[in-house]
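Shown next: input_13.txt, given as compact mmCIF, C-alpha atoms.
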```
# COMPACT_ATOMS: atom_id res chain seq x y z
CA MET A 14 0.00 0.00 0.00
CA LYS A 15 2.76 2.41 0.95
CA LYS A 16 4.63 1.66 -2.33
CA SER A 17 1.53 2.40 -4.44
CA ILE A 18 1.00 5.76 -2.70
CA ILE A 19 4.64 6.69 -3.30
CA ALA A 20 4.38 5.62 -6.95
CA CYS A 21 1.19 7.67 -7.35
CA LEU A 22 2.77 10.76 -5.76
CA THR A 23 5.87 10.35 -7.93
CA GLY A 24 3.67 10.22 -11.03
CA ILE A 25 1.75 13.34 -9.99
CA ILE A 26 4.99 15.24 -9.32
CA ALA A 27 6.35 14.20 -12.73
CA LEU A 28 3.17 15.42 -14.44
CA LEU A 29 3.31 18.75 -12.59
CA LEU A 30 6.95 19.26 -13.51
CA PHE A 31 6.19 18.45 -17.17
CA ALA A 32 3.25 20.86 -17.23
CA CYS A 33 5.20 23.66 -15.57
CA SER A 34 8.21 23.19 -17.82
CA GLY A 35 6.31 24.63 -20.77
CA ALA A 36 6.68 21.40 -22.75
CA ASN A 37 3.02 21.70 -23.75
CA LYS A 38 3.49 25.22 -25.14
CA SER A 39 5.20 26.49 -28.22
CA ASP A 40 8.72 26.92 -26.86
CA SER A 41 10.20 28.81 -29.76
CA PRO A 42 9.38 30.69 -32.95
CA LYS A 43 10.70 27.67 -34.88
CA ASP A 44 8.14 25.41 -33.15
CA THR A 45 5.32 27.79 -34.09
CA VAL A 46 6.36 27.97 -37.74
CA GLU A 47 6.71 24.18 -37.94
CA LYS A 48 3.20 23.68 -36.49
CA TYR A 49 1.84 26.40 -38.77
CA SER A 50 3.39 24.80 -41.84
CA GLN A 51 1.99 21.39 -40.93
CA ALA A 52 -1.48 22.94 -40.59
CA LEU A 53 -1.07 24.61 -44.01
CA ILE A 54 0.04 21.36 -45.61
CA LYS A 55 -3.03 19.62 -44.17
CA GLN A 56 -5.17 22.64 -45.13
CA ASP A 57 -6.32 22.79 -41.51
CA TRP A 58 -7.08 26.50 -41.59
CA LYS A 59 -8.44 26.67 -38.04
CA ALA A 60 -5.24 25.21 -36.61
CA ALA A 61 -3.11 27.44 -38.84
CA PHE A 62 -4.85 30.64 -37.80
CA ASP A 63 -4.70 29.67 -34.12
CA MET A 64 -0.98 30.39 -34.51
CA VAL A 65 -1.46 33.86 -36.04
CA TYR A 66 -1.48 37.15 -34.14
CA PHE A 67 -4.28 39.54 -35.07
CA LYS A 68 -4.36 43.09 -33.71
CA GLY A 69 -7.32 44.60 -31.94
CA THR A 70 -9.59 43.58 -29.12
CA PRO A 71 -10.11 39.87 -28.58
CA GLU A 72 -13.46 40.17 -30.36
CA GLU A 73 -11.94 42.01 -33.34
CA ALA A 74 -9.07 39.53 -33.54
CA GLU A 75 -11.47 36.57 -33.50
CA LYS A 76 -13.64 38.17 -36.20
CA THR A 77 -10.55 38.68 -38.41
CA ARG A 78 -9.39 35.11 -37.70
CA GLN A 79 -12.77 33.73 -38.76
CA GLN A 80 -12.69 35.82 -41.95
CA TRP A 81 -9.26 34.41 -42.87
CA ILE A 82 -10.43 30.85 -42.18
CA GLY A 83 -13.48 31.36 -44.39
CA LEU A 84 -11.43 32.92 -47.16
CA CYS A 85 -8.90 30.08 -47.15
CA GLU A 86 -11.62 27.41 -47.09
CA GLU A 87 -13.26 29.07 -50.07
CA LYS A 88 -10.11 29.75 -52.09
CA ALA A 89 -8.45 26.38 -51.38
CA LYS A 90 -10.93 24.69 -53.69
CA ASP A 91 -9.71 26.75 -56.67
CA VAL A 92 -5.95 26.82 -55.98
CA SER A 93 -3.90 24.83 -58.45
CA ALA A 94 -1.84 21.99 -56.98
CA ASP A 95 1.41 23.72 -57.91
CA ARG A 96 0.63 26.56 -55.45
CA VAL A 97 -0.07 24.28 -52.48
CA VAL A 98 2.62 24.01 -49.79
CA THR A 99 3.87 20.41 -49.63
CA ALA A 100 6.93 20.76 -47.37
CA MET A 101 8.82 23.24 -45.24
CA GLU A 102 12.33 23.04 -43.82
CA ILE A 103 13.46 25.58 -41.21
CA ILE A 104 16.95 26.89 -41.99
CA ASP A 105 17.34 29.81 -39.55
CA GLU A 106 15.78 31.36 -36.46
CA GLN A 107 16.65 34.89 -35.29
CA ILE A 108 15.14 35.96 -31.96
CA ASN A 109 15.14 39.49 -30.58
CA GLU A 110 14.39 38.87 -26.90
CA GLU A 111 14.38 42.58 -26.07
CA GLU A 112 11.63 43.40 -28.60
CA GLY A 113 9.81 40.06 -28.32
CA THR A 114 10.07 39.43 -32.04
CA ALA A 115 11.62 36.79 -34.25
CA VAL A 116 12.20 35.91 -37.88
CA VAL A 117 12.22 32.29 -39.03
CA THR A 118 13.64 31.49 -42.46
CA ALA A 119 12.53 28.33 -44.22
CA ASN A 120 12.74 26.57 -47.56
CA VAL A 121 9.13 26.13 -48.69
CA THR A 122 8.31 23.53 -51.34
CA TYR A 123 5.17 23.75 -53.47
CA GLY A 124 3.19 21.16 -55.41
CA ASN A 125 5.09 21.94 -58.61
CA GLY A 126 8.36 21.00 -56.89
CA LYS A 127 9.58 24.61 -56.75
CA THR A 128 11.30 25.57 -53.48
CA THR A 129 11.65 29.15 -52.30
CA GLU A 130 13.28 30.70 -49.26
CA GLU A 131 10.71 32.56 -47.19
CA LYS A 132 10.87 34.54 -43.96
CA THR A 133 8.15 34.51 -41.32
CA ASP A 134 7.85 37.27 -38.71
CA LEU A 135 6.70 36.32 -35.23
CA ILE A 136 5.72 38.18 -32.11
CA ARG A 137 5.70 36.99 -28.49
CA THR A 138 2.43 37.62 -26.65
CA GLU A 139 2.25 38.83 -23.06
CA GLU A 140 1.63 35.20 -22.09
CA GLY A 141 4.95 34.24 -23.71
CA LYS A 142 3.44 32.41 -26.69
CA TRP A 143 5.02 32.90 -30.12
CA LEU A 144 2.57 33.75 -32.93
CA ILE A 145 2.90 34.50 -36.64
CA ASP A 146 2.77 38.30 -37.08
CA MET A 147 0.74 39.21 -40.16
CA LYS A 148 1.36 42.92 -39.47
CA LYS A 149 -2.16 43.93 -40.46
```

Just give me the structure as structure tokens.
Amino acid sequence: MKKSIIACLTGIIALLLFACSGANKSDSPKDTVEKYSQALIKQDWKAAFDMVYFKGTPEEAEKTRQQWIGLCEEKAKDVSADRVVTAMEIIDEQINEEEGTAVVTANVTYGNGKTTEEKTDLIRTEEGKWLIDMKK
């Protein structure tokens, strides 16, 4: 009985340490861009735009987010396969801790096989979460 209580407490402590370590959050701009690219590849617009920062009140930001989701769902039907993102490889991450901004550079591959180098701007929220900065 005593051993099972100790094992249970050990498990709870391990879970608390894992949760507090931030392992369940986006730890870096690179992590955010990787998750964003995977959502784009899957055309999971809701997941993609959960990782985007929109200015304004929470209500305004949510309205803008919903508009972008709707636009992408509508336009995705008509986009030719050669314009669809099929892969992304992160090649650089520059973080400005003082300003709470970052730039992630990646090689983005499209359905036609063409690969381009693209930069993604990110901003750190007050909660410490990194989000894609659309600057709009």

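With atom CA of Gln51 of chain A on one side and atom CA of Ile145 of chain A on the other, the separation reads 13.8 Å.
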
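Atom CA of Glu131 of chain A sits 23.9 Å away from atom CA of Lys90 of chain A.
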
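Nearest residue to Val117 of chain A, choosing from A:Glu86, A:Asp105, A:Glu139, A:Asp40 and counting only C-alpha atoms: A:Asp105.
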
Contacts of Ile54 of chain A at 10 Å or less, counting all atoms listed in the file, minus same-chain residues fewer than 5 places along, as a list in words?
-> Lys48, Tyr49, Ala61, Val97, Val98, Thr99, Ala100, Met101 and Tyr123 of chain A

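Relative to atom CA of Val121 of chain A, atom CA of Ile103 of chain A is found at 8.7 Å.
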
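Residues in contact with segment 65-82 of chain A at 9 Å, where all atoms listed in the file are counted and same-chain residues fewer than 4 positions away are skipped, are listed as Tyr49, Trp58, Lys59, Ala61, Glu86, Glu87, Leu135, Ile136, Thr138, Trp143, Leu144, Ile145, Asp146, Met147, Lys148 and Lys149 of chain A.
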
Given the choices A:Glu111, A:Glu106, A:Asp57, A:Asp63, which gets closest to Lys132 of chain A if the distance is worked out from only C-alpha atoms?
-> A:Glu106

Please define a box with edges along x, y and z of the file around all atoms of segment 87-92 of chain A given in the file, extend it by 8 Å on each side, and return its centre and edge lengths in Å to one decimal, as JSON.
```
{"center_x": -9.6, "center_y": 27.2, "center_z": -53.4, "size_x": 23.3, "size_y": 21.1, "size_z": 22.6}
```

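Using only C-alpha atoms, the smallest distance between any of A:Arg96, A:Lys142, A:Lys43, A:Lys88 and Val116 of chain A comes from A:Lys43.
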
Neighbour residues at most 8 Å from (4.2, 23.5, -59.5) (all atoms listed in the file) as number ranges by chain = A: 94-96, 123-127

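You can rank A:Gly141, A:Leu53, A:Gln107, A:Glu102 by their closest distance to Cys85 of chain A using only C-alpha atoms, and at the top of that list sits A:Leu53.
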
When distances are computed from all atoms listed in the file, which of A:Ser50, A:Lys55, A:Thr45, A:Thr129 shows the smallest separation from Ala89 of chain A?
-> A:Lys55

With distances taken over all atoms listed in the file, the candidate from A:Asp91, A:Leu84, A:Val46, A:Ala60 nearest Ala119 of chain A is A:Val46
